[in-house]
Structures are given as C-alpha cells and as structure tokens.
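Novice: Okay, here's the structure, questions in a sec.
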Amino acid sequence: VIMRPLLLLAVLSCSLAQELDELDNEIIRAYFRWDAEGWNATTKEGEVWPSSSEFGQLRSNDEDDTIWYYTASPDFLGNKVEAYGGTVGFTLGHSEYNSLGLGAQEDFDLILESGVHNISLGHKHIVPAWVTSSENVVELSEDGGWVDTETGESATRLSLLRVLSELTALKIRGSYYHGHEYSYVRDVFLTRGPKQELAWVRNDPHIDEICNAIKLNAIACEFYGVHLMKSLQKVNMNKLRSEYITQMRKRKENEAKEEERRRQIEEEMLSQTAEEPIEE
C-alpha cells in the first residue's frame, strides 16, 4: 500500500526533472498569447502575406495554391549558434483545407537563412499531410536532413554554424494544399545543443576570410578549412617574408641584366649598320 504512492511520487519527480531540463535547454519560445510577438507571414517570393494571432496561435489562410510561410520575429534571429546540435520545434495545424482532389504541394517545410553568408538551408517532409495538427521537432545538425535550397546538397556542419551564427530568417510553411486553407502555428521554440569544441570555426577570425579569399564555398571550407589553418600555423612568417624579399630582389636583378643585354644587342646592331658601306 505504501509502495504505490512512492512509485507515483518517483514518476512525478522524473517527469518534473525532465521538464526542468527541457526548460534549461530552451533558448527561446513563441507563445502568441496576446499578439503575434513580432512574427508575420510572407510568400515564397518574400512579399508580405496577411496574418493574425489569437488564442495562442498565429493564423493565416489562402484561397489558391500560393506558397507562403510564417516568418520569425527578430528575437529568433541573430546569433543562435548555441542551437547547433539542438532542435527547432513547432506545432502546425489546419482548421480547414481543400486539396481540390490533388496531393499536397511539395516544398520546403522549414527554411533557415543567413543573408550575411548568402546561405539558405531547407527541410522537407516534416509536416505530415492530411492531418489537422502535428507537433514537429527537427534536429539542427548536419544529420538532421537539411539541404541547400539552391543546390540540393546536404548541409554541412560549417554551413549550419554559419547560418545559425547570423540567422536572418526562420520560415515555417503555412500553405500545403491547392485549394483554400486555414492554418495556424503555435509553440515555436529553439533548444540548445551539446557544447561544441569548434573554436576553429566560431572563434578563429581568419577561417572565413581565407575561404572567401580563395573562393571556397561552405562545403569545401568544411573539408579544407582546418587543414588550411593548420598549414598556415606551421608557416614561419618572418622566413616567408625574407624569402619573398629575396625572390623579388633576384627578379629585379635578372630584369636589369636582361635590359642591359638587350641594350647591348641594340648598340651592336646599330654599330654594324653604321660600319657597312653604302652602295651607290
């Protein structure tokens, strides 16, 4: 008789501990309790789309097959690199929709953008079709299914870190069907990932500069960036400068010798021409 309350207390304690741990890892959450909290909606092309908030939901609708997205407030943007390895989550639902007898539209359900780094990463097939509501959680790592929205290439650790370090847009798709639909999003959140030992990416001020200088994209920089930095760290810069100065001096000396030789040849040719007798 005594064991049953103790067991119930243990279960409740574990549940509470888990909830507290989740709150500790949470970076930010949108509740939409009183207003849109800075969120809005835009079309796929970036044009403003009408939206409103009520009852803890951000809502919008359409009458055709226009693709549009719920777009995050400034609080969700900026430096969110601590979310790498964590998650982005949201609940998306439909109060009404009409597919016109066609399948759900294919597009990115979730998009992360960094205008600073000119990177756009997207994720498809997150939200299941034909359901009234779904809770969705996506891992923010190179194993989370993210791809470059332009090339279709799988996202690398570096591309995700770059996007999250200077996030300029977070978009959640609100339109899925060819006919009219009324959708909503609620409980959007970001959580922290495990602490990463990524000083060469996050703290080294030269890595991006080097990759940009030699025109390496994020994928190439991910593979070669570390080796570039290690190679540069092995270089004796004083010795390199000295060798460069020596090479430049030798080049100038050789150019001077070549110029002197050319001048001598011209003088000899002029002298020979002057000595030749003039035929009458």
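Letters A, B, ... mark the chains of the structure tokens in the order given; residue numbers begin at 1 per chain; ligand numbers begin at 1, in order shown.
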Could you pull out the residues in region 23-259 of chain A that DSSP calls alpha helix (DSSP H) from the backbone, as a PyMOL selection string?
Specialist: chain A and resi 23-25+157-165+199-202+207-213+218-234+237-259
Novice: Could those residues be written to a file, using C-alpha atoms, as a PDB file, in the first residue's frame?
Specialist:
```pdb
ATOM      1  CA  LEU A  23      13.373  24.494 -19.942  1.00  0.00           C
ATOM      2  CA  ASP A  24      17.082  24.866 -19.128  1.00  0.00           C
ATOM      3  CA  ASN A  25      17.962  23.905 -22.702  1.00  0.00           C
ATOM      4  CA  ARG A 157      28.395  21.454 -40.030  1.00  0.00           C
ATOM      5  CA  LEU A 158      30.014  24.654 -41.218  1.00  0.00           C
ATOM      6  CA  SER A 159      27.041  25.779 -43.321  1.00  0.00           C
ATOM      7  CA  LEU A 160      24.698  25.239 -40.352  1.00  0.00           C
ATOM      8  CA  LEU A 161      27.044  27.076 -37.993  1.00  0.00           C
ATOM      9  CA  ARG A 162      27.311  29.969 -40.412  1.00  0.00           C
ATOM     10  CA  VAL A 163      23.543  30.219 -40.785  1.00  0.00           C
ATOM     11  CA  LEU A 164      22.913  29.974 -37.047  1.00  0.00           C
ATOM     12  CA  SER A 165      25.673  32.443 -36.187  1.00  0.00           C
ATOM     13  CA  ALA A 199      36.938  27.101 -31.850  1.00  0.00           C
ATOM     14  CA  TRP A 200      38.474  26.945 -35.330  1.00  0.00           C
ATOM     15  CA  VAL A 201      35.069  27.756 -36.831  1.00  0.00           C
ATOM     16  CA  ARG A 202      33.479  30.007 -34.245  1.00  0.00           C
ATOM     17  CA  ILE A 207      38.983  30.935 -41.342  1.00  0.00           C
ATOM     18  CA  ASP A 208      36.116  32.583 -43.242  1.00  0.00           C
ATOM     19  CA  GLU A 209      38.452  35.257 -44.582  1.00  0.00           C
ATOM     20  CA  ILE A 210      40.746  32.609 -46.060  1.00  0.00           C
ATOM     21  CA  CYS A 211      37.895  30.554 -47.511  1.00  0.00           C
ATOM     22  CA  ASN A 212      36.329  33.636 -49.076  1.00  0.00           C
ATOM     23  CA  ALA A 213      39.660  34.842 -50.456  1.00  0.00           C
ATOM     24  CA  ALA A 218      30.814  26.340 -47.170  1.00  0.00           C
ATOM     25  CA  ILE A 219      31.048  22.671 -48.150  1.00  0.00           C
ATOM     26  CA  ALA A 220      34.631  22.951 -49.417  1.00  0.00           C
ATOM     27  CA  CYS A 221      35.623  25.110 -46.458  1.00  0.00           C
ATOM     28  CA  GLU A 222      34.217  22.475 -44.109  1.00  0.00           C
ATOM     29  CA  PHE A 223      36.591  19.869 -45.521  1.00  0.00           C
ATOM     30  CA  TYR A 224      39.651  22.010 -46.216  1.00  0.00           C
ATOM     31  CA  GLY A 225      39.366  24.893 -43.745  1.00  0.00           C
ATOM     32  CA  VAL A 226      41.022  23.089 -40.827  1.00  0.00           C
ATOM     33  CA  HIS A 227      43.909  21.952 -42.997  1.00  0.00           C
ATOM     34  CA  LEU A 228      44.387  25.464 -44.342  1.00  0.00           C
ATOM     35  CA  MET A 229      44.593  26.906 -40.852  1.00  0.00           C
ATOM     36  CA  LYS A 230      46.951  24.181 -39.645  1.00  0.00           C
ATOM     37  CA  SER A 231      49.186  24.726 -42.660  1.00  0.00           C
ATOM     38  CA  LEU A 232      49.300  28.467 -42.069  1.00  0.00           C
ATOM     39  CA  GLN A 233      50.103  27.948 -38.404  1.00  0.00           C
ATOM     40  CA  LYS A 234      53.187  25.969 -39.426  1.00  0.00           C
ATOM     41  CA  MET A 237      56.008  34.310 -41.431  1.00  0.00           C
ATOM     42  CA  ASN A 238      59.355  36.084 -40.923  1.00  0.00           C
ATOM     43  CA  LYS A 239      61.093  33.459 -43.016  1.00  0.00           C
ATOM     44  CA  LEU A 240      58.347  33.685 -45.640  1.00  0.00           C
ATOM     45  CA  ARG A 241      58.717  37.475 -45.868  1.00  0.00           C
ATOM     46  CA  SER A 242      62.507  37.176 -46.093  1.00  0.00           C
ATOM     47  CA  GLU A 243      62.262  34.626 -48.892  1.00  0.00           C
ATOM     48  CA  TYR A 244      59.762  36.800 -50.722  1.00  0.00           C
ATOM     49  CA  ILE A 245      62.037  39.853 -50.494  1.00  0.00           C
ATOM     50  CA  THR A 246      64.994  37.794 -51.720  1.00  0.00           C
ATOM     51  CA  GLN A 247      62.983  36.460 -54.661  1.00  0.00           C
ATOM     52  CA  MET A 248      61.798  39.930 -55.598  1.00  0.00           C
ATOM     53  CA  ARG A 249      65.380  41.279 -55.434  1.00  0.00           C
ATOM     54  CA  LYS A 250      66.660  38.466 -57.657  1.00  0.00           C
ATOM     55  CA  ARG A 251      63.811  39.076 -60.087  1.00  0.00           C
ATOM     56  CA  LYS A 252      64.720  42.762 -60.323  1.00  0.00           C
ATOM     57  CA  GLU A 253      68.401  41.901 -60.806  1.00  0.00           C
ATOM     58  CA  ASN A 254      67.533  39.455 -63.595  1.00  0.00           C
ATOM     59  CA  GLU A 255      65.278  42.016 -65.236  1.00  0.00           C
ATOM     60  CA  ALA A 256      68.073  44.591 -65.057  1.00  0.00           C
ATOM     61  CA  LYS A 257      70.522  42.121 -66.598  1.00  0.00           C
ATOM     62  CA  GLU A 258      68.059  41.313 -69.362  1.00  0.00           C
ATOM     63  CA  GLU A 259      67.534  45.003 -70.033  1.00  0.00           C
TER      64      GLU A 259
END
```
Novice: My list of candidates is A:Arg262, A:Arg33, A:Lys44, A:Lys80. Which is closest to Gly193 (chain A) when distances are computed with only C-alpha atoms?
Specialist: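 Checking each candidate against Gly193 (chain A), we get A:Lys80 as the closest.
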Novice: From the DSSP assignment of the backbone, select every residue of region 23-242 of chain A that is strand (DSSP E), and format the answer as an NGL selection string.
Specialist: :A and (26-30 or 40-43 or 48-49 or 52-54 or 57-62 or 68-71 or 87-97 or 110-114 or 119-123 or 133-139 or 147-148 or 169-173 or 181-191)
Novice: Write the residues of the preceding selection, restricted to C-alpha atoms, as a short mmCIF file (atom, residue, chain, number, x, y, z; two decimals), in the first residue's frame.
Specialist:
```
data_model
loop_
_atom_site.label_atom_id
_atom_site.label_comp_id
_atom_site.auth_asym_id
_atom_site.auth_seq_id
_atom_site.Cartn_x
_atom_site.Cartn_y
_atom_site.Cartn_z
CA GLU A 26 15.37 26.20 -24.24
CA ILE A 27 16.76 29.31 -25.93
CA ILE A 28 13.52 30.97 -26.93
CA ARG A 29 9.84 30.17 -27.43
CA ALA A 30 6.94 31.99 -29.12
CA ASN A 40 4.39 37.69 -39.58
CA ALA A 41 3.93 35.88 -42.89
CA THR A 42 5.44 36.22 -46.37
CA THR A 43 5.08 34.49 -49.70
CA VAL A 48 4.05 40.34 -47.20
CA TRP A 49 1.16 37.94 -46.51
CA SER A 52 -3.10 37.49 -37.22
CA SER A 53 -2.81 35.98 -33.75
CA GLU A 54 -5.42 34.74 -31.29
CA GLN A 57 -1.87 30.79 -32.36
CA LEU A 58 -0.50 32.69 -35.33
CA ARG A 59 -3.02 32.25 -38.16
CA SER A 60 -3.32 32.86 -41.87
CA ASN A 61 -5.16 31.50 -44.90
CA ASP A 62 -5.22 31.42 -48.68
CA TRP A 68 3.63 31.22 -48.05
CA TYR A 69 5.49 31.00 -44.75
CA TYR A 70 5.18 32.11 -41.15
CA THR A 71 8.33 34.16 -40.54
CA THR A 87 16.33 21.48 -32.09
CA VAL A 88 13.74 23.72 -33.66
CA GLY A 89 10.16 22.76 -32.91
CA PHE A 90 6.65 23.94 -33.70
CA THR A 91 3.05 22.80 -33.87
CA LEU A 92 1.30 23.34 -37.20
CA GLY A 93 -2.37 22.72 -37.79
CA HIS A 94 -5.27 23.30 -40.18
CA SER A 95 -8.76 24.22 -39.14
CA GLU A 96 -9.93 23.82 -42.73
CA TYR A 97 -8.45 22.92 -46.13
CA LEU A 110 11.19 24.83 -42.80
CA ILE A 111 13.86 27.27 -44.01
CA LEU A 112 16.86 28.86 -42.27
CA GLU A 113 18.58 31.77 -44.00
CA SER A 114 21.66 33.90 -43.46
CA ILE A 119 23.21 30.59 -47.35
CA SER A 120 19.68 29.16 -47.35
CA LEU A 121 19.03 25.74 -45.80
CA GLY A 122 15.71 23.95 -46.06
CA HIS A 123 13.99 20.80 -44.79
CA SER A 133 -2.43 19.17 -36.28
CA SER A 134 1.11 17.89 -35.76
CA GLU A 135 3.91 18.57 -33.29
CA ASN A 136 7.22 18.74 -35.14
CA VAL A 137 10.80 18.74 -33.86
CA VAL A 138 13.84 18.92 -36.14
CA GLU A 139 17.47 18.48 -35.17
CA VAL A 147 19.87 20.71 -47.59
CA ASP A 148 20.93 23.82 -49.50
CA ALA A 169 15.23 34.40 -41.41
CA LEU A 170 13.43 31.39 -39.96
CA LYS A 171 10.40 30.34 -42.02
CA ILE A 172 7.70 27.75 -41.31
CA ARG A 173 5.47 26.82 -44.22
CA GLU A 181 -6.91 26.51 -46.41
CA TYR A 182 -6.81 27.99 -42.91
CA SER A 183 -3.69 27.12 -40.97
CA TYR A 184 -2.01 28.11 -37.71
CA VAL A 185 1.33 27.70 -35.97
CA ARG A 186 1.98 27.73 -32.22
CA ASP A 187 4.63 26.85 -29.61
CA VAL A 188 7.66 27.58 -31.78
CA PHE A 189 10.94 27.05 -29.93
CA LEU A 190 14.70 26.65 -30.22
CA THR A 191 16.75 24.50 -27.84
#
```
Novice: Between CA of Arg192 (chain A) and CA of Leu140 (chain A), measure the distance and give it in Å to one decimal.
Specialist: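 Taking CA of Arg192 (chain A) as the start and CA of Leu140 (chain A) as the end point, the length is 9.4 Å.
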Novice: Just give me the gap between CA of Ala72 (chain A) and CA of Trp39 (chain A) in Å, one decimal is fine.
Specialist: 5.0 Å
Novice: What does the distance from CA of Gly38 (chain A) to CA of Ile67 (chain A) come to in Å, to one decimal?
Specialist: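 Straight-line distance from CA of Gly38 (chain A) to CA of Ile67 (chain A) works out to 20.8 Å.
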Novice: Go through A:Glu37, A:Glu166, A:Glu142, A:Asp107 and flag the residue nearest Val81 (chain A), using only C-alpha atoms for the distances.
Specialist: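 Distance minimum relative to Val81 (chain A) lands on A:Glu166.
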